[in-house]
$ cat protein.tsv   # TSV, C-alpha atoms and all ligand atoms
chain	number	residue	atom	x	y	z
A	1437	MET	CA	88.76	56.09	-13.15
A	1438	LYS	CA	87.33	52.62	-13.70
A	1439	LYS	CA	88.05	50.34	-16.63
A	1440	ILE	CA	84.64	49.57	-18.10
A	1441	VAL	CA	83.54	47.31	-20.96
A	1442	ILE	CA	80.10	47.72	-22.53
A	1443	LEU	CA	78.98	44.97	-24.87
A	1444	GLY	CA	76.20	46.18	-27.15
A	1445	GLY	CA	77.28	49.80	-26.60
A	1446	GLY	CA	76.44	50.53	-30.23
A	1447	GLY	CA	72.78	50.00	-29.31
A	1448	PHE	CA	70.13	52.09	-27.61
A	1449	ILE	CA	70.53	51.45	-23.86
A	1450	GLY	CA	74.23	50.57	-24.14
A	1451	GLY	CA	74.92	53.88	-25.90
A	1452	HIS	CA	73.21	55.92	-23.17
A	1453	LEU	CA	74.95	53.91	-20.44
A	1454	ALA	CA	78.34	54.32	-22.13
A	1455	LYS	CA	77.83	58.08	-22.54
A	1456	ARG	CA	77.03	58.49	-18.86
A	1457	LEU	CA	79.98	56.36	-17.71
A	1458	LYS	CA	82.39	58.16	-20.01
A	1459	GLU	CA	81.13	61.57	-18.84
A	1460	GLU	CA	81.80	60.44	-15.26
A	1461	GLY	CA	85.47	60.04	-16.19
A	1462	ASN	CA	85.76	56.29	-16.67
A	1463	HIS	CA	87.68	54.51	-19.42
A	1464	VAL	CA	84.98	52.94	-21.61
A	1465	ARG	CA	85.58	50.22	-24.17
A	1466	ILE	CA	82.62	49.23	-26.35
A	1467	CYS	CA	82.18	46.20	-28.55
A	1468	ASP	CA	79.27	45.99	-30.96
A	1469	ILE	CA	78.64	44.47	-34.35
A	1470	LYS	CA	77.62	47.91	-35.62
A	1471	ASN	CA	78.44	51.55	-34.94
A	1472	HIS	CA	75.99	53.64	-32.92
A	1473	GLU	CA	73.59	55.32	-35.31
A	1474	TYR	CA	73.13	58.53	-33.33
A	1475	PHE	CA	76.14	58.97	-30.99
A	1476	SER	CA	79.71	59.48	-32.21
A	1477	HIS	CA	82.45	57.26	-30.76
A	1478	GLU	CA	83.89	60.31	-28.94
A	1479	GLU	CA	80.60	60.92	-27.16
A	1480	ILE	CA	80.30	57.43	-25.71
A	1481	CYS	CA	83.68	55.73	-25.40
A	1482	ASN	CA	87.46	55.73	-25.46
A	1483	GLU	CA	87.67	52.60	-27.61
A	1484	PHE	CA	85.12	51.13	-29.99
A	1485	ILE	CA	85.71	47.60	-31.25
A	1486	LEU	CA	83.56	46.51	-34.15
A	1487	GLY	CA	83.12	42.77	-33.68
A	1488	ASP	CA	80.75	39.83	-33.56
A	1489	LEU	CA	80.45	38.58	-29.97
A	1490	THR	CA	79.04	35.21	-31.06
A	1491	ASP	CA	82.68	34.49	-32.00
A	1492	PRO	CA	84.66	33.47	-28.86
A	1493	ARG	CA	87.89	34.86	-30.38
A	1494	VAL	CA	86.34	38.32	-30.48
A	1495	VAL	CA	85.17	37.98	-26.87
A	1496	GLU	CA	88.71	36.93	-25.81
A	1497	LEU	CA	90.13	40.01	-27.48
A	1498	VAL	CA	87.56	42.45	-26.09
A	1499	ILE	CA	87.71	41.30	-22.45
A	1500	GLU	CA	91.20	41.85	-21.05
A	1501	GLU	CA	92.57	41.43	-17.52
A	1502	GLY	CA	91.89	44.35	-15.18
A	1503	VAL	CA	88.28	45.18	-16.09
A	1504	ASP	CA	86.39	46.72	-13.15
A	1505	GLU	CA	82.88	46.54	-14.60
A	1506	LEU	CA	81.43	44.80	-17.63
A	1507	TYR	CA	77.89	45.49	-18.86
A	1508	GLN	CA	76.46	42.80	-21.17
A	1509	LEU	CA	73.69	44.35	-23.27
A	1510	ALA	CA	74.42	42.79	-26.66
A	1511	ALA	CA	71.50	40.74	-27.98
A	1512	ASP	CA	69.82	39.89	-31.23
A	1513	MET	CA	66.53	41.66	-30.59
A	1514	GLY	CA	63.88	44.12	-31.77
A	1515	GLY	CA	60.26	45.11	-31.18
A	1516	ALA	CA	57.14	42.96	-31.63
A	1517	LEU	CA	57.59	42.63	-35.38
A	1518	TYR	CA	61.03	41.09	-34.84
A	1519	ILE	CA	60.28	38.90	-31.83
A	1520	PHE	CA	56.69	37.69	-32.18
A	1521	THR	CA	56.35	36.72	-35.85
A	1522	GLY	CA	58.53	33.62	-35.30
A	1523	GLU	CA	60.66	34.41	-38.34
A	1524	ASN	CA	63.77	35.31	-36.35
A	1525	ASP	CA	63.48	32.68	-33.60
A	1526	ALA	CA	66.55	30.63	-34.53
A	1527	ASN	CA	68.83	33.66	-34.85
A	1528	VAL	CA	67.48	35.28	-31.69
A	1529	MET	CA	68.14	32.14	-29.64
A	1530	HIS	CA	71.42	31.11	-31.23
A	1531	ASN	CA	73.11	34.50	-31.43
A	1532	SER	CA	72.16	35.80	-28.00
A	1533	ALA	CA	72.87	32.49	-26.24
A	1534	MET	CA	76.28	32.25	-27.93
A	1535	ILE	CA	77.15	35.78	-26.82
A	1536	ASN	CA	76.14	35.10	-23.23
A	1537	LEU	CA	77.93	31.75	-23.02
A	1538	ASN	CA	81.13	33.28	-24.41
A	1539	VAL	CA	80.94	36.33	-22.16
A	1540	ALA	CA	80.21	34.56	-18.87
A	1541	LYS	CA	83.17	32.19	-19.36
A	1542	GLU	CA	85.58	34.91	-20.47
A	1543	CYS	CA	84.65	37.13	-17.51
A	1544	VAL	CA	85.78	34.31	-15.19
A	1545	THR	CA	88.96	33.63	-17.20
A	1546	LYS	CA	89.95	37.32	-17.17
A	1547	ASN	CA	88.85	37.98	-13.55
A	1548	VAL	CA	86.37	40.75	-14.38
A	1549	LYS	CA	85.46	42.30	-11.03
A	1550	LYS	CA	81.72	42.89	-11.63
A	1551	VAL	CA	79.31	41.94	-14.40
A	1552	PHE	CA	75.86	43.25	-15.30
A	1553	TYR	CA	73.49	41.16	-17.44
A	1554	SER	CA	70.38	42.65	-19.07
A	1555	SER	CA	67.50	40.20	-19.05
A	1556	SER	CA	63.94	41.08	-20.06
A	1557	ALA	CA	60.39	41.04	-18.71
A	1558	CYS	CA	59.68	38.81	-21.73
A	1559	MET	CA	60.90	35.90	-19.61
A	1560	TYR	CA	57.80	36.07	-17.34
A	1561	PRO	CA	55.16	33.35	-17.84
A	1562	GLU	CA	52.44	34.11	-20.35
A	1563	HIS	CA	49.74	32.67	-18.05
A	1564	ASN	CA	50.33	35.47	-15.50
A	1565	GLN	CA	49.87	38.17	-18.13
A	1566	LEU	CA	46.49	37.30	-19.65
A	1567	ASP	CA	44.50	39.95	-17.75
A	1568	PRO	CA	45.47	43.38	-19.10
A	1569	ASN	CA	44.42	45.05	-15.83
A	1570	ASN	CA	46.15	42.71	-13.43
A	1571	PRO	CA	49.40	41.21	-14.75
A	1572	ASN	CA	51.81	39.57	-12.32
A	1573	CYS	CA	55.50	40.30	-12.96
A	1574	GLU	CA	56.82	39.76	-9.45
A	1575	GLU	CA	60.33	38.30	-9.70
A	1576	SER	CA	59.28	35.17	-7.79
A	1577	SER	CA	56.58	34.39	-10.40
A	1578	ALA	CA	59.17	33.40	-13.03
A	1579	TYR	CA	58.74	29.65	-12.43
A	1580	PRO	CA	57.20	27.39	-13.61
A	1581	ALA	CA	58.52	29.07	-16.73
A	1582	ASN	CA	56.31	29.81	-19.73
A	1583	PRO	CA	57.58	32.82	-21.71
A	1584	ASP	CA	55.52	33.68	-24.81
A	1585	SER	CA	58.55	34.02	-27.13
A	1586	GLU	CA	61.87	32.35	-27.86
A	1587	TYR	CA	63.45	35.71	-27.01
A	1588	GLY	CA	62.05	35.31	-23.48
A	1589	TRP	CA	63.27	31.70	-23.20
A	1590	GLU	CA	66.79	32.73	-24.20
A	1591	LYS	CA	66.78	35.51	-21.60
A	1592	LEU	CA	65.73	33.05	-18.91
A	1593	PHE	CA	68.40	30.58	-20.00
A	1594	SER	CA	71.10	33.26	-19.95
A	1595	GLU	CA	70.05	34.56	-16.54
A	1596	ARG	CA	70.69	31.02	-15.36
A	1597	VAL	CA	74.04	30.90	-17.15
A	1598	PHE	CA	75.29	34.01	-15.33
A	1599	LEU	CA	73.88	32.83	-11.99
A	1600	ALA	CA	75.54	29.42	-12.44
A	1601	PHE	CA	78.89	31.14	-13.06
A	1602	LYS	CA	78.31	33.10	-9.87
A	1603	ARG	CA	77.63	29.90	-7.88
A	1604	ASN	CA	80.46	27.82	-9.33
A	1605	TYR	CA	83.13	30.41	-10.17
A	1606	LYS	CA	82.21	33.31	-7.84
A	1607	LEU	CA	81.52	35.67	-10.74
A	1608	ASP	CA	80.19	38.88	-9.11
A	1609	VAL	CA	77.07	39.37	-11.20
A	1610	ARG	CA	73.95	41.58	-11.26
A	1611	VAL	CA	70.90	40.58	-13.29
A	1612	ALA	CA	68.06	42.97	-14.20
A	1613	ARG	CA	64.86	42.31	-16.11
A	1614	PHE	CA	64.13	45.40	-18.22
A	1615	HIS	CA	60.52	46.38	-18.96
A	1616	ASN	CA	60.14	48.37	-22.22
A	1617	ILE	CA	62.84	51.01	-22.14
A	1618	PHE	CA	62.33	53.99	-24.45
A	1619	GLY	CA	63.75	57.38	-25.33
A	1620	PRO	CA	65.73	59.33	-27.93
A	1621	GLN	CA	68.67	57.84	-29.87
A	1622	GLY	CA	66.85	54.53	-30.18
A	1623	THR	CA	65.48	52.62	-33.17
A	1624	TRP	CA	62.40	54.48	-34.43
A	1625	LYS	CA	61.72	52.90	-37.83
A	1626	GLY	CA	62.48	49.83	-39.92
A	1627	GLY	CA	60.66	47.09	-37.95
A	1628	LYS	CA	62.89	46.75	-34.86
A	1629	GLU	CA	61.39	49.78	-33.08
A	1630	LYS	CA	59.26	49.44	-29.93
A	1631	SER	CA	55.75	50.84	-29.44
A	1632	PRO	CA	56.59	54.29	-27.94
A	1633	ALA	CA	58.92	55.04	-30.88
A	1634	ALA	CA	56.42	53.62	-33.38
A	1635	MET	CA	53.59	55.77	-31.96
A	1636	CYS	CA	55.76	58.90	-31.98
A	1637	ARG	CA	56.82	58.25	-35.58
A	1638	LYS	CA	53.29	57.59	-36.84
A	1639	VAL	CA	51.98	60.72	-35.14
A	1640	ALA	CA	54.94	62.87	-36.25
A	1641	GLU	CA	54.40	61.83	-39.87
A	1642	ALA	CA	50.58	62.14	-39.85
A	1643	LYS	CA	48.56	65.01	-41.31
A	1644	ALA	CA	45.54	66.61	-39.62
A	1645	GLY	CA	42.52	64.34	-40.00
A	1646	ASP	CA	44.57	61.13	-40.39
A	1647	ALA	CA	43.99	57.97	-38.33
A	1648	ILE	CA	46.99	56.41	-36.53
A	1649	GLU	CA	47.18	52.66	-36.99
A	1650	VAL	CA	47.51	50.81	-33.67
A	1651	TRP	CA	47.99	47.03	-33.69
A	1652	GLY	CA	45.51	44.92	-31.72
A	1653	ASN	CA	42.39	46.19	-29.94
A	1654	GLY	CA	44.54	48.75	-28.14
A	1655	LEU	CA	43.49	47.49	-24.70
A	1656	GLN	CA	46.69	45.51	-24.11
A	1657	THR	CA	48.71	47.14	-21.33
A	1658	ARG	CA	52.41	47.87	-20.75
A	1659	SER	CA	54.63	50.19	-18.75
A	1660	PHE	CA	57.52	52.14	-20.26
A	1661	LEU	CA	60.68	53.40	-18.60
A	1662	TYR	CA	62.65	56.38	-19.89
A	1663	VAL	CA	66.22	55.45	-20.74
A	1664	ASP	CA	67.93	57.91	-18.33
A	1665	GLU	CA	66.06	56.35	-15.42
A	1666	CYS	CA	66.98	52.89	-16.68
A	1667	VAL	CA	70.68	53.83	-16.71
A	1668	GLU	CA	70.40	55.25	-13.19
A	1669	ALA	CA	68.69	52.07	-11.98
A	1670	VAL	CA	71.35	49.85	-13.61
A	1671	LEU	CA	74.19	51.80	-11.96
A	1672	ARG	CA	72.51	51.76	-8.55
A	1673	LEU	CA	71.97	48.01	-8.82
A	1674	MET	CA	75.57	47.51	-9.92
A	1675	HIS	CA	76.80	49.42	-6.86
A	1676	SER	CA	74.49	47.58	-4.47
A	1677	ASP	CA	75.15	44.14	-2.98
A	1678	PHE	CA	72.04	42.65	-4.57
A	1679	THR	CA	72.50	40.08	-7.35
A	1680	GLY	CA	68.88	39.90	-8.58
A	1681	PRO	CA	67.25	38.99	-10.89
A	1682	VAL	CA	65.27	42.17	-10.30
A	1683	ASN	CA	62.86	44.23	-12.40
A	1684	ILE	CA	63.93	47.57	-13.83
A	1685	GLY	CA	60.84	49.26	-15.21
A	1686	SER	CA	58.07	51.72	-14.55
A	1687	GLU	CA	54.91	50.91	-12.58
A	1688	GLU	CA	52.83	53.42	-14.59
A	1689	MET	CA	50.79	50.96	-16.64
A	1690	VAL	CA	48.90	52.28	-19.69
A	1691	SER	CA	46.95	50.70	-22.52
A	1692	ILE	CA	48.48	50.92	-25.98
A	1693	ASN	CA	45.63	53.19	-27.07
A	1694	GLN	CA	46.42	55.49	-24.13
A	1695	LEU	CA	50.04	55.55	-25.25
A	1696	ALA	CA	48.96	56.44	-28.80
A	1697	GLN	CA	46.62	59.13	-27.49
A	1698	MET	CA	49.47	60.56	-25.40
A	1699	ALA	CA	51.60	60.94	-28.53
A	1700	ILE	CA	48.64	62.56	-30.33
A	1701	ASP	CA	48.05	64.99	-27.45
A	1702	ILE	CA	51.75	65.93	-27.36
A	1703	SER	CA	51.66	66.70	-31.08
A	1704	GLY	CA	48.57	68.88	-30.77
A	1705	LYS	CA	47.35	67.43	-34.11
A	1706	ASP	CA	43.78	66.44	-34.86
A	1707	LEU	CA	44.24	62.66	-35.27
A	1708	SER	CA	42.22	59.55	-34.47
A	1709	ILE	CA	43.20	55.94	-33.65
A	1710	ASP	CA	42.52	53.02	-35.98
A	1711	ASN	CA	42.89	49.64	-34.22
A	1712	ILE	CA	43.70	46.82	-36.62
A	1713	ASP	CA	43.45	43.21	-35.47
A	1714	GLY	CA	42.36	39.67	-36.41
A	1715	GLN	CA	41.58	38.87	-40.04
A	1716	ASP	CA	41.84	42.54	-41.09
A	1717	PHE	CA	45.45	42.53	-39.92
A	1718	ILE	CA	46.22	39.24	-41.71
A	1719	ASP	CA	44.58	40.51	-44.92
A	1720	LYS	CA	46.71	43.64	-44.82
A	1721	TYR	CA	50.09	42.26	-43.67
A	1722	GLY	CA	49.93	38.54	-44.48
A	1723	PHE	CA	50.72	37.39	-40.91
A	1724	LYS	CA	49.04	37.30	-37.50
A	1725	CYS	CA	49.14	40.50	-35.45
A	1726	PRO	CA	52.35	40.17	-33.35
A	1727	LEU	CA	51.13	41.46	-30.00
A	1728	GLY	CA	52.81	39.59	-27.15
A	1729	VAL	CA	51.08	39.19	-23.79
A	1730	LYS	CA	47.82	41.01	-23.00
A	1731	GLY	CA	49.13	42.84	-19.95
A	1732	ARG	CA	52.51	43.63	-18.41
A	1733	ASN	CA	53.62	46.02	-15.70
A	1734	SER	CA	56.82	46.28	-13.72
A	1735	ASP	CA	56.66	45.31	-10.05
A	1736	ASN	CA	59.33	47.37	-8.28
A	1737	LYS	CA	58.88	46.16	-4.70
A	1738	LEU	CA	62.03	44.03	-4.69
A	1739	TYR	CA	64.19	46.74	-6.30
A	1740	ARG	CA	62.91	49.31	-3.77
A	1741	GLU	CA	63.63	46.98	-0.85
A	1742	GLN	CA	67.04	45.79	-2.01
A	1743	VAL	CA	68.49	48.85	-3.73
A	1744	GLY	CA	66.63	51.56	-1.83
A	1745	TRP	CA	65.70	53.78	-4.76
A	1746	GLU	CA	62.82	54.09	-7.18
A	1747	VAL	CA	62.16	55.44	-10.64
A	1748	ASN	CA	59.60	58.25	-10.56
A	1749	GLN	CA	59.46	60.18	-13.83
A	1750	PRO	CA	55.95	60.30	-15.36
A	1751	LEU	CA	55.63	58.62	-18.76
A	1752	LEU	CA	54.47	61.91	-20.29
A	1753	VAL	CA	57.81	63.61	-19.58
A	1754	GLY	CA	59.80	60.94	-21.44
A	1755	MET	CA	57.25	60.74	-24.25
A	1756	LYS	CA	57.56	64.51	-24.87
A	1757	LYS	CA	61.35	64.24	-25.22
A	1758	THR	CA	61.07	61.16	-27.43
A	1759	PHE	CA	58.40	62.73	-29.63
A	1760	GLU	CA	60.55	65.83	-30.13
A	1761	TRP	CA	63.60	63.75	-31.13
A	1762	ILE	CA	61.66	61.45	-33.50
A	1763	THR	CA	59.97	64.45	-35.14
A	1764	GLU	CA	63.42	65.87	-35.93
A	1765	GLN	CA	64.68	62.50	-37.22
A	1766	SER	CA	61.62	62.03	-39.37
A	1767	LYS	CA	62.11	65.48	-40.96
A	1768	LYS	CA	65.67	64.51	-41.91
A	1769	TYR	CA	64.38	61.48	-43.81
A	1770	SER	CA	61.33	63.06	-45.48
B	1801	LIG	P1	69.65	47.32	-29.10
B	1801	LIG	O1	69.24	46.34	-30.15
B	1801	LIG	O2	69.60	48.76	-29.42
B	1801	LIG	O3	71.09	46.95	-28.55
B	1801	LIG	C1	71.64	45.66	-28.62
B	1801	LIG	C2	72.98	45.79	-29.31
B	1801	LIG	O4	73.58	44.49	-29.40
B	1801	LIG	C3	72.87	46.33	-30.75
B	1801	LIG	O5	73.63	47.49	-30.92
B	1801	LIG	C4	73.40	45.18	-31.59
B	1801	LIG	O6	74.14	45.60	-32.74
B	1801	LIG	C5	74.31	44.47	-30.59
B	1801	LIG	N1	74.57	43.10	-31.04
B	1801	LIG	C6	73.67	42.19	-31.48
B	1801	LIG	N2	74.28	41.07	-31.87
B	1801	LIG	C7	75.62	41.28	-31.67
B	1801	LIG	C8	76.77	40.50	-31.89
B	1801	LIG	N3	76.67	39.26	-32.40
B	1801	LIG	N4	77.97	41.02	-31.57
B	1801	LIG	C9	78.08	42.27	-31.07
B	1801	LIG	N5	77.02	43.06	-30.84
B	1801	LIG	C10	75.79	42.58	-31.13
B	1801	LIG	O7	68.72	47.00	-27.83
B	1801	LIG	P2	68.54	47.79	-26.48
B	1801	LIG	O8	67.14	48.24	-26.44
B	1801	LIG	O9	69.62	48.76	-26.25
B	1801	LIG	O10	68.67	46.58	-25.43
B	1801	LIG	C11	69.87	46.29	-24.72
B	1801	LIG	C12	69.68	45.02	-23.93
B	1801	LIG	O11	68.56	45.15	-23.05
B	1801	LIG	C13	69.40	43.79	-24.79
B	1801	LIG	O12	70.04	42.69	-24.23
B	1801	LIG	C14	67.91	43.63	-24.69
B	1801	LIG	O13	67.51	42.29	-24.91
B	1801	LIG	C15	67.65	44.09	-23.28
B	1801	LIG	N6	66.28	44.58	-23.11
B	1801	LIG	C16	65.88	45.74	-23.70
B	1801	LIG	C17	64.57	46.18	-23.54
B	1801	LIG	C18	64.08	47.46	-24.16
B	1801	LIG	O14	62.93	47.80	-23.96
B	1801	LIG	N7	64.89	48.20	-24.91
B	1801	LIG	C19	63.67	45.44	-22.76
B	1801	LIG	C20	64.11	44.26	-22.19
B	1801	LIG	C21	65.42	43.85	-22.34
$ encode --input "protein.tsv" --output "C-alpha cells"
Amino acid sequence: MKKIVILGGGGFIGGHLAKRLKEEGNHVRICDIKNHEYFSHEEICNEFILGDLTDPRVVELVIEEGVDELYQLAADMGGALYIFTGENDANVMHNSAMINLNVAKECVTKNVKKVFYSSSACMYPEHNQLDPNNPNCEESSAYPANPDSEYGWEKLFSERVFLAFKRNYKLDVRVARFHNIFGPQGTWKGGKEKSPAAMCRKVAEAKAGDAIEVWGNGLQTRSFLYVDECVEAVLRLMHSDFTGPVNIGSEEMVSINQLAQMAIDISGKDLSIDNIDGQDFIDKYGFKCPLGVKGRNSDNKLYREQVGWEVNQPLLVGMKKTFEWITEQSKKYS
C-alpha cells in the first residue's frame, strides 16, 4: 500500500485517478477547493481535505513526510469560454502558479518520493498550429515559446518550476502535457466544459429537426483522449524512468464538426449543425468566438519510445460512454 496525495482530486481527471489508485489498495489523500460533484469521498479516497492550495499553509498541512507519490492536477482552468475570452487571465495565472510554486517547494521539504505534474498541450506555440490538417505538437517544438493563452504560458512556466526543482533539489518528477481529456464525471455545463461534453449536452437536449450550434467554421481540428486511457498513461509514465515533458493524448485527429456529427450519430436523432463565427457570433454573445488554435493533435512518438505503451481506444467508444452519461445527467436537471 502506497501513501498517495492527489491535488485537484475533486476535479475530473484527479477524481478518476484517485478512484483507480484507491481501488488498487493505496491510501489516497485528496486536497481540493471543492468536493467532487459526481464521486463520493468513499469512492475516491481515504481522506479528503477541503482547502485552497494557493495558501502555503494549506500545502504544508496537506503534504506530510512519508508520501510515496504526489499527483499535482489542481489548476484554475476550464474550456474555451473560460480560457480564451481573456476575462479570467489574471486568476488563471496567479492561482495556478501559486499552487505549483507552493507544491514544488513543499515536496522537497517533505521528501516526497515521486511527483507528477499535469501540463497541457496549450503550452505549444500558436505558430505551429495554424494549419488544421498539419499541426506540430512534437515535444521538442515547445521553444521558442508562443502559447496562444495565458493558461498555456502558466503551464510552461510551471513545467520549468518542477524541472528546476528536479535539477537543483533532485525532486523525482514526471511531467505530462495532456491533450483534451474527456469522459463521464466531468464538467458538462456551465461554461467550464470542453467540446466533447458540450457537443454531447447540446445533442442530448435537442429535439428532432433542431440545429446544433458549433462555434467557429467547424474545420478546426483536435484530438480527444478518454479519461481511463489518460489515467493509465499517467500511471505508466509515473512508473517509468522518463521525466518528460511528454504528450499524453490521442493521435485520432478530427474536426469539430466531425466531433459534433459523431455525437449526433450516436444519438440517432435527426439533427443538423449550425456553425456560428465572426460578426454573427459577436452579435449573439457580445464577444469574439473563443476558439484557440486552428489545429492540434497529440504526437505520441516520444511516449511510445520512452514508456513503451500507447493509447488505442477509438474516439467513438469514449464518446458513446460520455454521451450516455451526459444524457442521464441532463435528464436529472430538466
Ligand atoms: P478540473 O478543473 O476538473 O480539475 C482541477 C481541480 O483543481 C478542480 O477540482 C479545482 O477545484 C481544483 N482547484 C483549482 N484551484 C484550486 C485551489 N486553489 N486549491 C485547491 N484545488 C483547486 O480539471 P481536469 O480536467 O481534471 O484537469 C486536471 C489537470 O490537468 C489540470 O491541471 C489541467 O490544467 C490539466 N489539463 C487538463 C486537460 C483536459 O482536457 N481536461 C488538458 C490539459 C491539461
$ residues_near_ligand --input "protein.tsv" --ligand "ligand LIG 1801 (chain B)" --cutoff "6 Å" --atoms "only C-alpha atoms and all ligand atoms" --output "NGL selection string"
:A and (1444 or 1446-1450 or 1468-1470 or 1487-1490 or 1509-1513 or 1554-1556 or 1614-1617)
$ write_last_selection --input "protein.tsv" --atoms "C-alpha atoms" --output "compact mmCIF listing (two decimals), keeping the file's coordinate frame"
# COMPACT_ATOMS: atom_id res chain seq x y z
CA GLY A 1444 76.20 46.18 -27.15
CA GLY A 1446 76.44 50.53 -30.23
CA GLY A 1447 72.78 50.00 -29.31
CA PHE A 1448 70.13 52.09 -27.61
CA ILE A 1449 70.53 51.45 -23.86
CA GLY A 1450 74.23 50.57 -24.14
CA ASP A 1468 79.27 45.99 -30.96
CA ILE A 1469 78.64 44.47 -34.35
CA LYS A 1470 77.62 47.91 -35.62
CA GLY A 1487 83.12 42.77 -33.68
CA ASP A 1488 80.75 39.83 -33.56
CA LEU A 1489 80.45 38.58 -29.97
CA THR A 1490 79.04 35.21 -31.06
CA LEU A 1509 73.69 44.35 -23.27
CA ALA A 1510 74.42 42.79 -26.66
CA ALA A 1511 71.50 40.74 -27.98
CA ASP A 1512 69.82 39.89 -31.23
CA MET A 1513 66.53 41.66 -30.59
CA SER A 1554 70.38 42.65 -19.07
CA SER A 1555 67.50 40.20 -19.05
CA SER A 1556 63.94 41.08 -20.06
CA PHE A 1614 64.13 45.40 -18.22
CA HIS A 1615 60.52 46.38 -18.96
CA ASN A 1616 60.14 48.37 -22.22
CA ILE A 1617 62.84 51.01 -22.14
$ closest_residue --input "protein.tsv" --among "A:Glu1496, A:Asp1567, A:Glu1687, A:Glu1586" --to "Glu1746 of chain A" --atoms "all atoms listed in the file"
A:Glu1687
$ residues_around --input "protein.tsv" --residues "Ala1526 of chain A" --least-positions-apart "3" --cutoff "12 Å" --atoms "only C-alpha atoms" --output "number ranges by chain"
A: 1512-1513, 1518-1519, 1521-1523, 1529-1534, 1585-1587, 1589-1590
$ atom_distance --input "protein.tsv" --atom1 "atom CA of Gly1654 of chain A" --atom2 "atom CA of Asp1701 of chain A"
16.6 Å
$ closest_residue --input "protein.tsv" --among "A:Pro1681, A:Pro1568, A:Gly1754, A:Pro1583" --to "Arg1732 of chain A" --atoms "only C-alpha atoms"
A:Pro1568
$ build_atoms --input "protein.tsv" --residues "segment 1627-1632 of chain A" --atoms "all heavy atoms" --output "PDB file, in the coordinates of the input"
ATOM      1  N   GLY A1627      61.183  48.382 -38.383  1.00  0.00           N
ATOM      2  CA  GLY A1627      60.660  47.090 -37.950  1.00  0.00           C
ATOM      3  C   GLY A1627      61.218  46.602 -36.624  1.00  0.00           C
ATOM      4  O   GLY A1627      60.653  45.710 -36.012  1.00  0.00           O
ATOM      5  N   LYS A1628      62.346  47.189 -36.150  1.00  0.00           N
ATOM      6  CA  LYS A1628      62.890  46.750 -34.860  1.00  0.00           C
ATOM      7  C   LYS A1628      62.504  47.725 -33.740  1.00  0.00           C
ATOM      8  O   LYS A1628      62.901  47.552 -32.592  1.00  0.00           O
ATOM      9  CB  LYS A1628      64.415  46.637 -34.946  1.00  0.00           C
ATOM     10  CG  LYS A1628      64.896  45.330 -35.585  1.00  0.00           C
ATOM     11  CD  LYS A1628      66.378  45.116 -35.316  1.00  0.00           C
ATOM     12  CE  LYS A1628      66.822  43.713 -35.675  1.00  0.00           C
ATOM     13  NZ  LYS A1628      68.202  43.448 -35.269  1.00  0.00           N
ATOM     14  N   GLU A1629      61.744  48.792 -34.095  1.00  0.00           N
ATOM     15  CA  GLU A1629      61.390  49.780 -33.080  1.00  0.00           C
ATOM     16  C   GLU A1629      60.302  49.262 -32.138  1.00  0.00           C
ATOM     17  O   GLU A1629      59.512  48.415 -32.510  1.00  0.00           O
ATOM     18  CB  GLU A1629      60.929  51.100 -33.738  1.00  0.00           C
ATOM     19  CG  GLU A1629      59.606  51.055 -34.480  1.00  0.00           C
ATOM     20  CD  GLU A1629      59.730  50.501 -35.899  1.00  0.00           C
ATOM     21  OE1 GLU A1629      60.764  49.894 -36.209  1.00  0.00           O
ATOM     22  OE2 GLU A1629      58.774  50.658 -36.670  1.00  0.00           O
ATOM     23  N   LYS A1630      60.280  49.820 -30.906  1.00  0.00           N
ATOM     24  CA  LYS A1630      59.260  49.440 -29.930  1.00  0.00           C
ATOM     25  C   LYS A1630      58.084  50.404 -30.024  1.00  0.00           C
ATOM     26  O   LYS A1630      58.172  51.440 -30.673  1.00  0.00           O
ATOM     27  CB  LYS A1630      59.844  49.537 -28.511  1.00  0.00           C
ATOM     28  CG  LYS A1630      61.165  48.845 -28.339  1.00  0.00           C
ATOM     29  CD  LYS A1630      60.940  47.367 -28.136  1.00  0.00           C
ATOM     30  CE  LYS A1630      62.230  46.622 -27.976  1.00  0.00           C
ATOM     31  NZ  LYS A1630      63.118  47.201 -27.011  1.00  0.00           N
ATOM     32  N   SER A1631      56.994  50.075 -29.267  1.00  0.00           N
ATOM     33  CA  SER A1631      55.750  50.840 -29.440  1.00  0.00           C
ATOM     34  C   SER A1631      55.866  52.345 -29.165  1.00  0.00           C
ATOM     35  O   SER A1631      55.303  53.123 -29.947  1.00  0.00           O
ATOM     36  CB  SER A1631      54.601  50.206 -28.672  1.00  0.00           C
ATOM     37  OG  SER A1631      54.995  49.825 -27.413  1.00  0.00           O
ATOM     38  N   PRO A1632      56.559  52.827 -28.113  1.00  0.00           N
ATOM     39  CA  PRO A1632      56.590  54.290 -27.940  1.00  0.00           C
ATOM     40  C   PRO A1632      57.200  54.999 -29.158  1.00  0.00           C
ATOM     41  O   PRO A1632      56.670  56.018 -29.617  1.00  0.00           O
ATOM     42  CB  PRO A1632      57.470  54.496 -26.696  1.00  0.00           C
ATOM     43  CG  PRO A1632      57.438  53.201 -25.985  1.00  0.00           C
ATOM     44  CD  PRO A1632      57.296  52.139 -27.029  1.00  0.00           C
TER      45      PRO A1632
END
